[in-house]
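Visitor: My file is entry23.txt. It has compact mmCIF, C-alpha atoms:
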# COMPACT_ATOMS: atom_id res chain seq x y z
CA MET A 14 -48.99 25.80 25.29
CA ALA A 15 -49.06 27.52 21.89
CA ALA A 16 -48.93 25.40 18.72
CA ILE A 17 -45.72 25.61 16.69
CA ASN A 18 -46.30 27.30 13.33
CA LEU A 19 -43.92 25.59 10.88
CA ASP A 20 -44.50 28.24 8.21
CA ASP A 21 -42.27 30.63 10.14
CA SER A 22 -39.29 28.31 10.46
CA VAL A 23 -39.21 25.96 7.45
CA MET A 24 -38.53 26.77 3.81
CA THR A 25 -38.55 24.20 1.02
CA THR A 26 -35.93 24.46 -1.75
CA ARG A 27 -33.77 22.27 -3.95
CA LEU A 28 -30.51 20.95 -2.53
CA ASP A 29 -28.54 22.35 -5.50
CA SER A 30 -29.88 25.83 -4.87
CA VAL A 31 -29.05 25.97 -1.20
CA VAL A 32 -25.60 24.43 -1.63
CA ASN A 33 -24.77 26.71 -4.54
CA TRP A 34 -26.01 29.74 -2.60
CA ALA A 35 -23.54 28.91 0.14
CA ARG A 36 -20.72 28.19 -2.30
CA LYS A 37 -21.01 31.33 -4.37
CA ASN A 38 -20.98 33.64 -1.37
CA SER A 39 -17.98 32.05 0.27
CA LEU A 40 -15.30 31.77 -2.39
CA TRP A 41 -11.73 31.31 -1.21
CA PRO A 42 -9.42 32.77 -3.87
CA LEU A 43 -5.94 31.50 -4.68
CA PRO A 44 -4.08 34.23 -6.59
CA PHE A 45 -1.69 32.73 -9.16
CA GLY A 46 -0.06 36.03 -10.08
CA THR A 47 2.54 35.91 -12.85
CA ALA A 48 2.31 39.36 -14.47
CA CYS A 49 0.77 42.83 -14.33
CA CYS A 50 -2.76 41.46 -13.80
CA ALA A 51 -1.60 40.60 -10.29
CA ILE A 52 -0.96 44.31 -9.66
CA GLU A 53 -4.56 45.10 -10.65
CA PHE A 54 -5.63 42.25 -8.41
CA MET A 55 -3.97 43.95 -5.41
CA SER A 56 -6.08 46.99 -6.16
CA MET A 57 -9.17 44.81 -6.37
CA MET A 58 -8.49 43.38 -2.92
CA ALA A 59 -7.63 46.73 -1.31
CA SER A 60 -10.01 49.24 0.21
CA ARG A 61 -11.02 51.19 -2.91
CA TYR A 62 -12.59 48.24 -4.71
CA ASP A 63 -12.95 46.11 -1.56
CA PHE A 64 -13.47 42.62 -2.86
CA SER A 65 -14.59 41.39 0.56
CA ARG A 66 -18.04 42.77 -0.33
CA PHE A 67 -18.45 39.60 -2.40
CA GLY A 68 -17.62 37.19 0.39
CA ALA A 69 -14.21 36.33 -1.05
CA GLU A 70 -11.79 38.35 1.03
CA ALA A 71 -9.91 35.43 2.58
CA LEU A 72 -6.94 34.88 0.26
CA ARG A 73 -5.20 31.57 0.73
CA PHE A 74 -1.78 31.08 -0.81
CA SER A 75 -2.13 27.33 -0.52
CA PRO A 76 -4.18 25.43 -3.11
CA ARG A 77 -5.34 23.03 -0.39
CA GLN A 78 -7.32 25.78 1.33
CA SER A 79 -8.88 27.54 -1.64
CA ASP A 80 -11.55 26.87 -4.26
CA MET A 81 -11.25 29.75 -6.76
CA LEU A 82 -8.05 29.85 -8.80
CA LEU A 83 -7.37 33.30 -10.23
CA VAL A 84 -4.73 33.01 -12.94
CA LEU A 85 -3.35 36.54 -13.16
CA GLY A 86 -0.88 36.76 -16.01
CA THR A 87 1.15 35.00 -18.68
CA ILE A 88 1.58 31.25 -18.26
CA THR A 89 4.62 29.86 -20.04
CA ASN A 90 4.88 26.33 -21.35
CA LYS A 91 7.33 25.64 -18.55
CA GLN A 92 4.69 26.67 -16.02
CA ALA A 93 1.87 24.65 -17.58
CA PRO A 94 2.51 21.43 -15.59
CA VAL A 95 2.88 23.52 -12.42
CA LEU A 96 -0.51 25.12 -13.03
CA ARG A 97 -2.03 21.69 -13.61
CA GLN A 98 -0.58 20.43 -10.35
CA ILE A 99 -1.86 23.45 -8.42
CA TYR A 100 -5.33 23.02 -9.89
CA ALA A 101 -5.27 19.32 -8.99
CA GLN A 102 -4.30 20.14 -5.39
CA MET A 103 -7.19 22.54 -4.81
CA ALA A 104 -10.14 21.64 -2.61
CA GLU A 105 -13.30 20.65 -4.47
CA PRO A 106 -15.53 22.12 -5.73
CA LYS A 107 -13.11 24.43 -7.56
CA TRP A 108 -13.43 27.14 -10.18
CA VAL A 109 -10.89 28.89 -12.40
CA VAL A 110 -10.93 32.49 -13.61
CA ALA A 111 -8.50 33.36 -16.43
CA VAL A 112 -7.72 37.02 -15.82
CA GLY A 113 -6.33 39.03 -18.73
CA VAL A 114 -5.61 38.13 -22.34
CA CYS A 115 -2.37 36.25 -21.58
CA ALA A 116 -4.11 33.71 -19.37
CA SER A 117 -7.11 33.57 -21.70
CA SER A 118 -5.35 33.13 -25.05
CA GLY A 119 -1.63 33.82 -24.77
CA GLY A 120 -2.39 37.44 -25.62
CA MET A 121 0.33 39.17 -27.58
CA TYR A 122 2.86 36.41 -26.82
CA ARG A 123 2.36 34.10 -29.77
CA THR A 124 5.68 32.34 -29.22
CA TYR A 125 7.26 28.98 -28.48
CA ALA A 126 7.56 29.95 -24.80
CA THR A 127 3.98 30.92 -24.02
CA LEU A 128 0.97 28.71 -23.42
CA GLN A 129 -1.75 29.89 -25.81
CA GLY A 130 -4.44 30.10 -23.15
CA ILE A 131 -4.65 28.21 -19.86
CA ASP A 132 -7.82 26.47 -21.06
CA ARG A 133 -5.51 24.22 -23.06
CA VAL A 134 -4.31 22.59 -19.82
CA VAL A 135 -6.92 23.30 -17.10
CA PRO A 136 -10.70 23.86 -17.21
CA VAL A 137 -11.66 27.56 -17.12
CA ASP A 138 -15.03 28.90 -15.94
CA VAL A 139 -14.73 32.63 -16.65
CA TYR A 140 -12.42 34.63 -18.95
CA VAL A 141 -11.78 38.29 -18.13
CA PRO A 142 -10.45 40.27 -21.13
CA GLY A 143 -8.09 43.21 -20.82
CA CYS A 144 -4.37 43.89 -20.74
CA PRO A 145 -4.55 44.12 -17.79
CA PRO A 146 -8.27 44.30 -16.96
CA ARG A 147 -9.30 47.01 -14.54
CA PRO A 148 -10.37 45.90 -11.04
CA GLU A 149 -14.00 46.48 -12.07
CA GLY A 150 -13.45 43.96 -14.88
CA MET A 151 -12.16 41.32 -12.50
CA ILE A 152 -15.03 41.98 -10.08
CA PHE A 153 -17.47 41.58 -12.96
CA GLY A 154 -15.75 38.31 -13.88
CA VAL A 155 -16.15 36.95 -10.37
CA MET A 156 -19.79 38.13 -10.28
CA GLU A 157 -20.33 36.19 -13.51
CA LEU A 158 -18.77 33.18 -11.84
CA GLN A 159 -21.15 33.59 -8.90
CA LYS A 160 -24.10 33.59 -11.32
CA GLN A 161 -22.70 30.47 -12.97
CA ILE A 162 -22.26 28.75 -9.59
CA SER A 163 -25.86 29.49 -8.60
CA ARG A 164 -27.06 27.74 -11.78
CA GLU A 165 -24.80 24.71 -11.80
CA SER A 166 -25.71 21.11 -11.09
CA LEU A 167 -23.68 19.40 -8.38
CA SER A 168 -23.26 16.16 -10.34
CA ALA A 169 -22.16 17.93 -13.55
CA ARG A 170 -19.52 19.83 -11.59
CA LYS A 171 -18.16 16.54 -10.25
CA GLU A 172 -17.84 15.06 -13.75
CA HIS A 173 -16.16 18.27 -14.95
CA VAL A 174 -13.36 17.84 -12.40
CA GLU A 175 -13.02 14.11 -12.91
CA GLN A 176 -12.39 14.68 -16.59
CA PHE A 177 -9.37 16.74 -15.58
CA TYR A 178 -8.10 14.04 -13.22
CA ARG A 179 -8.24 11.52 -16.07
CA SER A 180 -6.05 13.81 -18.21
CA LEU A 181 -3.63 14.08 -15.29
CA ALA A 182 -3.43 10.28 -15.10
CA ARG A 183 -2.82 10.19 -18.87
CA GLN A 184 -0.04 12.74 -18.45
CA GLU A 185 1.67 10.54 -15.86
CA GLU A 186 1.26 7.47 -18.05
CA LEU A 187 2.81 9.22 -21.06
CA GLN A 188 5.62 10.57 -18.90
CA GLN A 189 6.51 7.04 -17.79
CA ALA A 190 6.12 5.57 -21.26
CA ARG A 191 8.16 8.18 -23.12
CA GLY A 192 10.66 8.89 -20.34
CA LEU A 193 10.24 12.66 -20.61
CA SER A 194 10.12 15.55 -18.17
CA GLN A 195 6.69 16.84 -17.07
CA TYR A 196 7.23 20.00 -19.15
CA GLN A 197 7.91 18.13 -22.37
CA VAL A 198 5.00 15.75 -21.79
CA VAL A 199 2.49 18.58 -21.35
CA ARG A 200 3.99 20.37 -24.37
CA GLU A 201 3.64 17.24 -26.51
CA MET A 202 0.08 16.66 -25.31
CA VAL A 203 -0.79 20.25 -26.27
CA LEU A 204 0.86 19.87 -29.70
CA GLU A 205 -0.88 16.55 -30.35
CA ALA A 206 -4.25 18.01 -29.39
CA GLY A 207 -3.56 20.95 -31.73
CA ALA A 208 -2.62 18.63 -34.60
CA GLN A 209 -5.95 16.84 -34.19
CA GLY A 210 -7.82 20.13 -34.38
CA GLY A 211 -8.55 20.24 -30.66
CA GLN A 212 -7.34 22.87 -28.33
CA ARG A 213 -7.33 21.26 -24.90
CA ILE A 214 -5.72 18.23 -23.30
CA TRP A 215 -8.18 17.63 -20.44
CA MET B 16 43.69 53.65 -27.33
CA VAL B 17 43.30 50.08 -26.13
CA ILE B 18 42.39 48.67 -29.55
CA GLU B 19 45.63 50.00 -31.07
CA ARG B 20 47.64 48.38 -28.26
CA ILE B 21 45.91 45.03 -28.95
CA GLU B 22 46.67 45.35 -32.63
CA ALA B 23 50.31 46.05 -31.80
CA GLN B 24 50.68 43.08 -29.47
CA LEU B 25 48.47 40.59 -31.36
CA PRO B 26 48.72 41.45 -35.05
CA GLY B 27 45.88 40.04 -37.08
CA ALA B 28 43.64 39.32 -34.06
CA ILE B 29 41.22 42.13 -34.81
CA LEU B 30 39.33 41.45 -38.03
CA ASP B 31 37.13 44.50 -38.00
CA ARG B 32 36.22 47.46 -35.81
CA HIS B 33 33.71 50.28 -35.68
CA ALA B 34 32.46 52.86 -33.22
CA PHE B 35 28.97 54.20 -32.67
CA ARG B 36 28.60 57.30 -30.44
CA GLY B 37 31.72 56.45 -28.49
CA ASP B 38 30.98 52.73 -28.07
CA GLU B 39 33.70 50.62 -29.64
CA THR B 40 33.04 47.27 -31.28
CA VAL B 41 35.76 44.87 -32.40
CA THR B 42 35.43 41.62 -34.30
CA VAL B 43 38.03 39.15 -33.10
CA ALA B 44 39.16 35.92 -34.75
CA GLY B 45 38.20 32.85 -32.71
CA ALA B 46 41.81 31.64 -32.48
CA SER B 47 43.06 34.75 -30.67
CA PHE B 48 39.89 35.44 -28.63
CA LEU B 49 41.25 34.25 -25.26
CA ALA B 50 44.50 36.17 -25.71
CA VAL B 51 42.56 39.35 -26.51
CA VAL B 52 40.36 38.92 -23.42
CA ASP B 53 43.45 38.40 -21.25
CA LEU B 54 44.99 41.58 -22.64
CA LEU B 55 41.79 43.54 -22.06
CA PHE B 56 41.53 42.22 -18.51
CA GLY B 57 45.00 43.59 -17.86
CA GLU B 58 43.89 46.92 -19.35
CA GLY B 59 41.05 47.16 -16.80
CA PHE B 60 38.11 45.59 -18.65
CA GLN B 61 37.30 43.46 -15.63
CA MET B 62 33.52 43.23 -15.77
CA LEU B 63 31.67 41.00 -18.23
CA LEU B 64 28.20 42.52 -18.59
CA ASP B 65 26.61 40.13 -21.03
CA VAL B 66 27.18 37.28 -23.43
CA THR B 67 24.76 36.85 -26.29
CA ALA B 68 24.77 35.66 -29.89
CA VAL B 69 23.37 36.43 -33.31
CA ASP B 70 22.29 33.85 -35.88
CA LEU B 71 23.45 35.39 -39.16
CA GLU B 72 22.60 32.32 -41.24
CA THR B 73 25.81 32.84 -43.24
CA PRO B 74 27.36 29.66 -44.63
CA GLU B 75 30.89 29.88 -43.21
CA PHE B 76 30.41 31.41 -39.76
CA ARG B 77 26.75 31.01 -38.93
CA PHE B 78 26.86 32.65 -35.49
CA GLU B 79 28.42 35.70 -33.95
CA VAL B 80 28.95 35.47 -30.17
CA VAL B 81 28.84 38.95 -28.64
CA TYR B 82 30.56 39.94 -25.38
CA HIS B 83 30.00 43.25 -23.58
CA LEU B 84 32.87 44.39 -21.37
CA LEU B 85 33.10 47.31 -18.96
CA ASN B 86 36.29 48.97 -17.78
CA LEU B 87 35.58 49.65 -14.11
CA ALA B 88 38.33 52.28 -13.82
CA SER B 89 37.62 54.36 -16.92
CA GLN B 90 33.93 53.40 -17.43
CA ALA B 91 34.79 52.59 -21.06
CA ARG B 92 32.68 49.94 -22.75
CA LEU B 93 33.79 47.48 -25.40
CA ARG B 94 31.83 45.02 -27.47
CA ILE B 95 33.64 41.95 -28.80
CA LYS B 96 32.17 39.86 -31.60
CA VAL B 97 33.52 36.43 -32.42
CA PRO B 98 32.40 34.55 -35.54
CA VAL B 99 31.58 30.90 -34.79
CA ALA B 100 30.76 28.16 -37.27
CA ASP B 101 27.67 25.98 -36.81
CA GLY B 102 28.59 23.13 -34.44
CA ALA B 103 31.94 24.67 -33.45
CA ALA B 104 32.72 25.28 -29.77
CA GLN B 105 33.55 28.65 -28.30
CA PRO B 106 36.06 28.81 -25.42
CA SER B 107 34.34 29.51 -22.09
CA LEU B 108 35.18 32.65 -20.10
CA THR B 109 34.06 31.15 -16.79
CA GLY B 110 37.69 30.91 -15.64
CA ARG B 111 38.08 34.67 -16.06
CA PHE B 112 34.59 36.03 -15.25
CA LYS B 113 32.08 34.47 -12.84
CA SER B 114 29.29 36.24 -14.70
CA ALA B 115 30.04 34.16 -17.80
CA ASP B 116 28.52 31.07 -16.16
CA TRP B 117 24.78 31.68 -16.61
CA ALA B 118 25.21 33.96 -19.64
CA GLU B 119 26.99 31.18 -21.55
CA ARG B 120 24.40 28.64 -20.43
CA GLU B 121 21.69 30.91 -21.85
CA VAL B 122 23.50 31.17 -25.20
CA PHE B 123 24.00 27.39 -25.20
CA ASP B 124 20.30 26.89 -24.41
CA LEU B 125 18.86 29.27 -27.00
CA PHE B 126 21.43 29.03 -29.82
CA GLY B 127 23.04 25.63 -29.26
CA ILE B 128 26.60 26.97 -29.22
CA PRO B 129 28.74 24.78 -26.92
CA PHE B 130 31.23 26.50 -24.60
CA GLU B 131 34.44 24.57 -24.09
CA GLY B 132 35.61 24.45 -20.47
CA HIS B 133 32.29 25.48 -18.93
CA PRO B 134 31.82 23.72 -15.55
CA ASN B 135 28.08 23.07 -15.94
CA LEU B 136 26.91 23.46 -19.52
CA THR B 137 23.18 22.69 -19.13
CA ARG B 138 20.10 24.53 -20.32
CA LEU B 139 19.25 27.64 -18.33
CA LEU B 140 15.73 28.66 -19.44
CA MET B 141 14.13 25.82 -21.36
CA TRP B 142 13.62 22.38 -19.80
CA GLU B 143 16.35 19.79 -20.28
CA ASP B 144 14.58 17.66 -22.92
CA PHE B 145 13.28 20.66 -24.91
CA PRO B 146 13.82 19.92 -28.62
CA GLY B 147 15.88 22.46 -30.56
CA HIS B 148 17.27 25.91 -29.85
CA PRO B 149 14.56 28.56 -30.09
CA LEU B 150 16.59 31.65 -31.00
CA ARG B 151 18.05 30.04 -34.11
CA LYS B 152 16.54 31.61 -37.19
CA ASP B 153 15.36 28.26 -38.52
CA TYR B 154 13.32 27.60 -35.38
CA PRO B 155 9.61 28.45 -35.89
CA LEU B 156 8.59 31.39 -33.72
CA ASP B 157 5.50 29.62 -32.40
CA GLY B 158 7.45 26.42 -31.70
CA GLY B 159 5.62 24.51 -34.44
CA ASP B 160 2.33 24.67 -32.58
CA PRO B 161 -0.43 23.83 -35.10
CA PHE B 162 -2.86 25.83 -32.97
CA CYS B 163 -0.75 28.93 -33.70
CA SER B 164 0.32 28.14 -37.26
CA ASN B 165 -3.11 27.54 -38.73
CA ASP B 166 -5.89 29.98 -39.15
CA ILE B 167 -7.38 30.19 -35.65
CA GLY B 168 -10.92 29.58 -36.84
CA ALA B 169 -9.85 26.45 -38.71
CA SER B 170 -7.86 25.02 -35.82
CA TYR B 171 -10.81 25.12 -33.43
CA SER B 172 -12.64 21.81 -33.30
CA PRO B 173 -16.45 21.92 -33.65
CA GLU B 174 -16.54 21.04 -29.97
CA ALA B 175 -14.30 23.95 -29.05
CA ARG B 176 -16.33 26.29 -31.24
CA SER B 177 -19.51 25.26 -29.48
CA LEU B 178 -17.90 26.26 -26.18
CA ASN B 179 -17.76 29.82 -27.48
CA ALA B 180 -21.34 29.80 -28.77
For this file, write the structure as structure tokens.

Guide:
Amino acid sequence: MAAINLDDSVMTTRLDSVVNWARKNSLWPLPFGTACCAIEFMSMMASRYDFSRFGAEALRFSPRQSDMLLVLGTITNKQAPVLRQIYAQMAEPKWVVAVGVCASSGGMYRTYATLQGIDRVVPVDVYVPGCPPRPEGMIFGVMELQKQISRESLSARKEHVEQFYRSLARQEELQQARGLSQYQVVREMVLEAGAQGGQRIW
Amino acid sequence: MVIERIEAQLPGAILDRHAFRGDETVTVAGASFLAVVDLLFGEGFQMLLDVTAVDLETPEFRFEVVYHLLNLASQARLRIKVPVADGAAQPSLTGRFKSADWAEREVFDLFGIPFEGHPNLTRLLMWEDFPGHPLRKDYPLDGGDPFCSNDIGASYSPEARSLNA
């Protein structure tokens, strides 16, 4: 009977590396399309740009079954609490890509109706500039996210998400205390953070 | 011409009129507004295309409510402007035109002009406890957001700036 040579079948690595390797090559995107960026996104998913090359071809239109939120377009103040709820409902670990200038900073809509960047209400991992960005731009953004995932520490990622859950609990508390709608509470939280020189409520 | 017939039947109702490339505009006194609309309906102006308003910031009649009517038979269009004072109610057209329902709610939402006789006068676009009426001229364009109002560089906290570094 021949001796088993372990060198051929065992590889030593860090847990973070192997878990992150699996995560980054199996992203499940949730498209949150609200404007023209969503049209470019269709192109990105279709045969010419073929996003399935990156292991992320399985779109899920339910936050429960996805881990990469692609915010594709303008988010209004009225949509801000909806976006927060959708992010909260996603399976962990979860990442957010702000696609286009509207999602990243409000873009050209510097008005009372538009959220000045989704990073004011949810954590964002990658920002893709452009109005709208070309499909190559979005692919580059997701590739950047994959690089980021391969570097990240599992425990830091957990704390990152928990910080958001605490802000969600604070939102509910304030809503009860002030007797306001979810829209007005998020708006007031954003305004209060702005008055204190901050830019985000999570 | 329909405007002459209105003037004949309701003297003094039309305060002002002008035409631009065949599109007629009349300014109607608030008191005779409903009577004018009834007359026009009988003349064939049976489609209300839009209701909107302008904040003129004038002391006596702050707002002008603007109605766009279409005559389905002749394809003629008519714009009616009604001066409304700040806080005064405008009679609702929901009894005459179904399309007035949401259009008047939008004007109520964004300008704060109440419509008397409207079956469901609630906000259409903004949420119910939204403070103020955003299309009034004295409403700040950015909604009073300090993040927008200040110099962007100054409004970033050191922590936020380090995120960009």

Visitor: Find the residues with any atom within 10 Å of (40.7, 34.8, -27.2); use all atoms listed in the file and the coordinates as given in the file, and write the answer as a list in words.

Guide: Ala28, Val43, Ala44, Gly45, Ala46, Ser47, Phe48, Leu49, Ala50, Val51, Val52, Asp53, Leu54, Val97, Gln105, Pro106, Ser107 and Leu108 of chain B

Visitor: Go ahead and write the residues just picked, C-alpha atoms, as an mmCIF file, in the coordinates of the input.

Guide:
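Printed below is result.cif as written:
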data_model
loop_
_atom_site.group_PDB
_atom_site.id
_atom_site.type_symbol
_atom_site.label_atom_id
_atom_site.label_comp_id
_atom_site.auth_asym_id
_atom_site.auth_seq_id
_atom_site.Cartn_x
_atom_site.Cartn_y
_atom_site.Cartn_z
ATOM 1 C CA ALA B 28 43.640 39.320 -34.060
ATOM 2 C CA VAL B 43 38.030 39.150 -33.100
ATOM 3 C CA ALA B 44 39.160 35.920 -34.750
ATOM 4 C CA GLY B 45 38.200 32.850 -32.710
ATOM 5 C CA ALA B 46 41.810 31.640 -32.480
ATOM 6 C CA SER B 47 43.060 34.750 -30.670
ATOM 7 C CA PHE B 48 39.890 35.440 -28.630
ATOM 8 C CA LEU B 49 41.250 34.250 -25.260
ATOM 9 C CA ALA B 50 44.500 36.170 -25.710
ATOM 10 C CA VAL B 51 42.560 39.350 -26.510
ATOM 11 C CA VAL B 52 40.360 38.920 -23.420
ATOM 12 C CA ASP B 53 43.450 38.400 -21.250
ATOM 13 C CA LEU B 54 44.990 41.580 -22.640
ATOM 14 C CA VAL B 97 33.520 36.430 -32.420
ATOM 15 C CA GLN B 105 33.550 28.650 -28.300
ATOM 16 C CA PRO B 106 36.060 28.810 -25.420
ATOM 17 C CA SER B 107 34.340 29.510 -22.090
ATOM 18 C CA LEU B 108 35.180 32.650 -20.100
#

Visitor: Using only C-alpha atoms, can you tell me which of B:Leu125, B:Gly59, B:Glu131, B:Leu71 comes closest to chain A?

Guide: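 Comparing B:Leu125, B:Gly59, B:Glu131, B:Leu71 against chain A, the winner is B:Leu125.
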
Visitor: Would you mind telling me which residue in B:Thr73, B:Phe130, B:Ala68, B:Arg120 lies nearest to B:Leu150 when using all atoms listed in the file?

Guide: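 Residue with the minimum atom-to-atom distance to B:Leu150: B:Ala68.
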
Visitor: Could you list, as a ChimeraX atom specification, every residue within 12 Å of A:Ala104, counting all atoms listed in the file and ignoring same-chain residues fewer than 6 positions away?

Guide: /A:40-43,73,75-82,174

Visitor: Please provide the set of residues having any atom within 9 Å of B:Leu136, restricted to only C-alpha atoms, with same-chain residues fewer than 4 positions apart removed, written as a PyMOL selection string.

Guide: chain B and resi 116-117+119-120+123-124+129-132

Visitor: Please return, as a ChimeraX atom specification, all polymer residues that have at least one atom within 12 Å of the point (-19.4, 38.4, 1.5); use all atoms listed in the file and the file's own coordinate frame.

Guide: /A:34-41,63-71,156,159

Visitor: Which chain A residues are at most 12 Å from chain B (counting only C-alpha atoms), as a PDB file with C-alpha atoms, in the coordinates of the input?

Guide:
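Output saved as iface-v5.pdb:
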ATOM      1  CA  THR A  89       4.620  29.860 -20.040  1.00  0.00           C
ATOM      2  CA  ASN A  90       4.880  26.330 -21.350  1.00  0.00           C
ATOM      3  CA  LYS A  91       7.330  25.640 -18.550  1.00  0.00           C
ATOM      4  CA  GLN A  92       4.690  26.670 -16.020  1.00  0.00           C
ATOM      5  CA  PRO A  94       2.510  21.430 -15.590  1.00  0.00           C
ATOM      6  CA  SER A 118      -5.350  33.130 -25.050  1.00  0.00           C
ATOM      7  CA  GLY A 119      -1.630  33.820 -24.770  1.00  0.00           C
ATOM      8  CA  GLY A 120      -2.390  37.440 -25.620  1.00  0.00           C
ATOM      9  CA  MET A 121       0.330  39.170 -27.580  1.00  0.00           C
ATOM     10  CA  TYR A 122       2.860  36.410 -26.820  1.00  0.00           C
ATOM     11  CA  ARG A 123       2.360  34.100 -29.770  1.00  0.00           C
ATOM     12  CA  THR A 124       5.680  32.340 -29.220  1.00  0.00           C
ATOM     13  CA  TYR A 125       7.260  28.980 -28.480  1.00  0.00           C
ATOM     14  CA  ALA A 126       7.560  29.950 -24.800  1.00  0.00           C
ATOM     15  CA  THR A 127       3.980  30.920 -24.020  1.00  0.00           C
ATOM     16  CA  LEU A 128       0.970  28.710 -23.420  1.00  0.00           C
ATOM     17  CA  GLN A 129      -1.750  29.890 -25.810  1.00  0.00           C
ATOM     18  CA  GLY A 130      -4.440  30.100 -23.150  1.00  0.00           C
ATOM     19  CA  ASP A 132      -7.820  26.470 -21.060  1.00  0.00           C
ATOM     20  CA  ARG A 133      -5.510  24.220 -23.060  1.00  0.00           C
ATOM     21  CA  PRO A 136     -10.700  23.860 -17.210  1.00  0.00           C
ATOM     22  CA  VAL A 137     -11.660  27.560 -17.120  1.00  0.00           C
ATOM     23  CA  ASP A 138     -15.030  28.900 -15.940  1.00  0.00           C
ATOM     24  CA  VAL A 139     -14.730  32.630 -16.650  1.00  0.00           C
ATOM     25  CA  TYR A 140     -12.420  34.630 -18.950  1.00  0.00           C
ATOM     26  CA  ARG A 191       8.160   8.180 -23.120  1.00  0.00           C
ATOM     27  CA  GLY A 192      10.660   8.890 -20.340  1.00  0.00           C
ATOM     28  CA  LEU A 193      10.240  12.660 -20.610  1.00  0.00           C
ATOM     29  CA  SER A 194      10.120  15.550 -18.170  1.00  0.00           C
ATOM     30  CA  GLN A 195       6.690  16.840 -17.070  1.00  0.00           C
ATOM     31  CA  TYR A 196       7.230  20.000 -19.150  1.00  0.00           C
ATOM     32  CA  GLN A 197       7.910  18.130 -22.370  1.00  0.00           C
ATOM     33  CA  VAL A 198       5.000  15.750 -21.790  1.00  0.00           C
ATOM     34  CA  VAL A 199       2.490  18.580 -21.350  1.00  0.00           C
ATOM     35  CA  ARG A 200       3.990  20.370 -24.370  1.00  0.00           C
ATOM     36  CA  GLU A 201       3.640  17.240 -26.510  1.00  0.00           C
ATOM     37  CA  MET A 202       0.080  16.660 -25.310  1.00  0.00           C
ATOM     38  CA  VAL A 203      -0.790  20.250 -26.270  1.00  0.00           C
ATOM     39  CA  LEU A 204       0.860  19.870 -29.700  1.00  0.00           C
ATOM     40  CA  GLU A 205      -0.880  16.550 -30.350  1.00  0.00           C
ATOM     41  CA  ALA A 206      -4.250  18.010 -29.390  1.00  0.00           C
ATOM     42  CA  GLY A 207      -3.560  20.950 -31.730  1.00  0.00           C
ATOM     43  CA  ALA A 208      -2.620  18.630 -34.600  1.00  0.00           C
ATOM     44  CA  GLN A 209      -5.950  16.840 -34.190  1.00  0.00           C
ATOM     45  CA  GLY A 210      -7.820  20.130 -34.380  1.00  0.00           C
ATOM     46  CA  GLY A 211      -8.550  20.240 -30.660  1.00  0.00           C
ATOM     47  CA  GLN A 212      -7.340  22.870 -28.330  1.00  0.00           C
ATOM     48  CA  ARG A 213      -7.330  21.260 -24.900  1.00  0.00           C
ATOM     49  CA  ILE A 214      -5.720  18.230 -23.300  1.00  0.00           C
TER      50      ILE A 214
END

Visitor: Excluding A:Arg97 and its own-chain neighbours fewer than 3 positions away, which residues fall within 9 Å of it when counting all atoms listed in the file? Please give them as a PyMOL selection string.

Guide: chain A and resi 92-94+100-102+134-135+181

Visitor: Using C-alpha atoms, can you write the selected residues to a file as an mmCIF file, in the frame of the given file?

Guide:
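Final output, out-v1.cif:
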data_model
loop_
_atom_site.group_PDB
_atom_site.id
_atom_site.type_symbol
_atom_site.label_atom_id
_atom_site.label_comp_id
_atom_site.auth_asym_id
_atom_site.auth_seq_id
_atom_site.Cartn_x
_atom_site.Cartn_y
_atom_site.Cartn_z
ATOM 1 C CA GLN A 92 4.690 26.670 -16.020
ATOM 2 C CA ALA A 93 1.870 24.650 -17.580
ATOM 3 C CA PRO A 94 2.510 21.430 -15.590
ATOM 4 C CA TYR A 100 -5.330 23.020 -9.890
ATOM 5 C CA ALA A 101 -5.270 19.320 -8.990
ATOM 6 C CA GLN A 102 -4.300 20.140 -5.390
ATOM 7 C CA VAL A 134 -4.310 22.590 -19.820
ATOM 8 C CA VAL A 135 -6.920 23.300 -17.100
ATOM 9 C CA LEU A 181 -3.630 14.080 -15.290
#

Visitor: Could you tell me which of A:Gln176, A:Gly154, A:Leu85, A:Gly143 comes closest to A:Cys50 if we count only C-alpha atoms?

Guide: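 Ranked by minimum distance to A:Cys50, first place goes to A:Leu85.
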
Visitor: Please, what distance in Å, to one decimal, runs between atom CA of B:Arg36 and atom CA of B:Val81?

Guide: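 Between atom CA of B:Arg36 and atom CA of B:Val81 the gap works out to 18.4 Å.
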
Visitor: What's the separation between atom CA of A:Gly86 and atom CA of A:Arg61, in Å to one decimal place?

Guide: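 So the answer is 22.0 Å.
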
Visitor: Rank nothing, just name the residue among B:Phe78, B:Thr40, B:Glu121, B:Phe60 nearest to B:Gln90, using only C-alpha atoms.

Guide: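 That would be B:Phe60, the residue with the smallest distance to B:Gln90.
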
Visitor: Choose the residue, out of B:Gly57, B:Gly147, B:Asp101, B:Thr67, that has the smallest atom-to-atom separation from B:Asn86; count only C-alpha atoms.

Guide: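 Residue with the minimum atom-to-atom distance to B:Asn86: B:Gly57.
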
Visitor: One number please: atom CA of B:Leu64 to atom CA of B:His83, in Å, one decimal.

Guide: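 Going from atom CA of B:Leu64 over to atom CA of B:His83, I get 5.4 Å.
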
Visitor: I'd like to know which of B:Asp70, B:Glu79, B:Glu39, B:Glu58 is closest to B:Arg94, using all atoms listed in the file.

Guide: B:Glu39
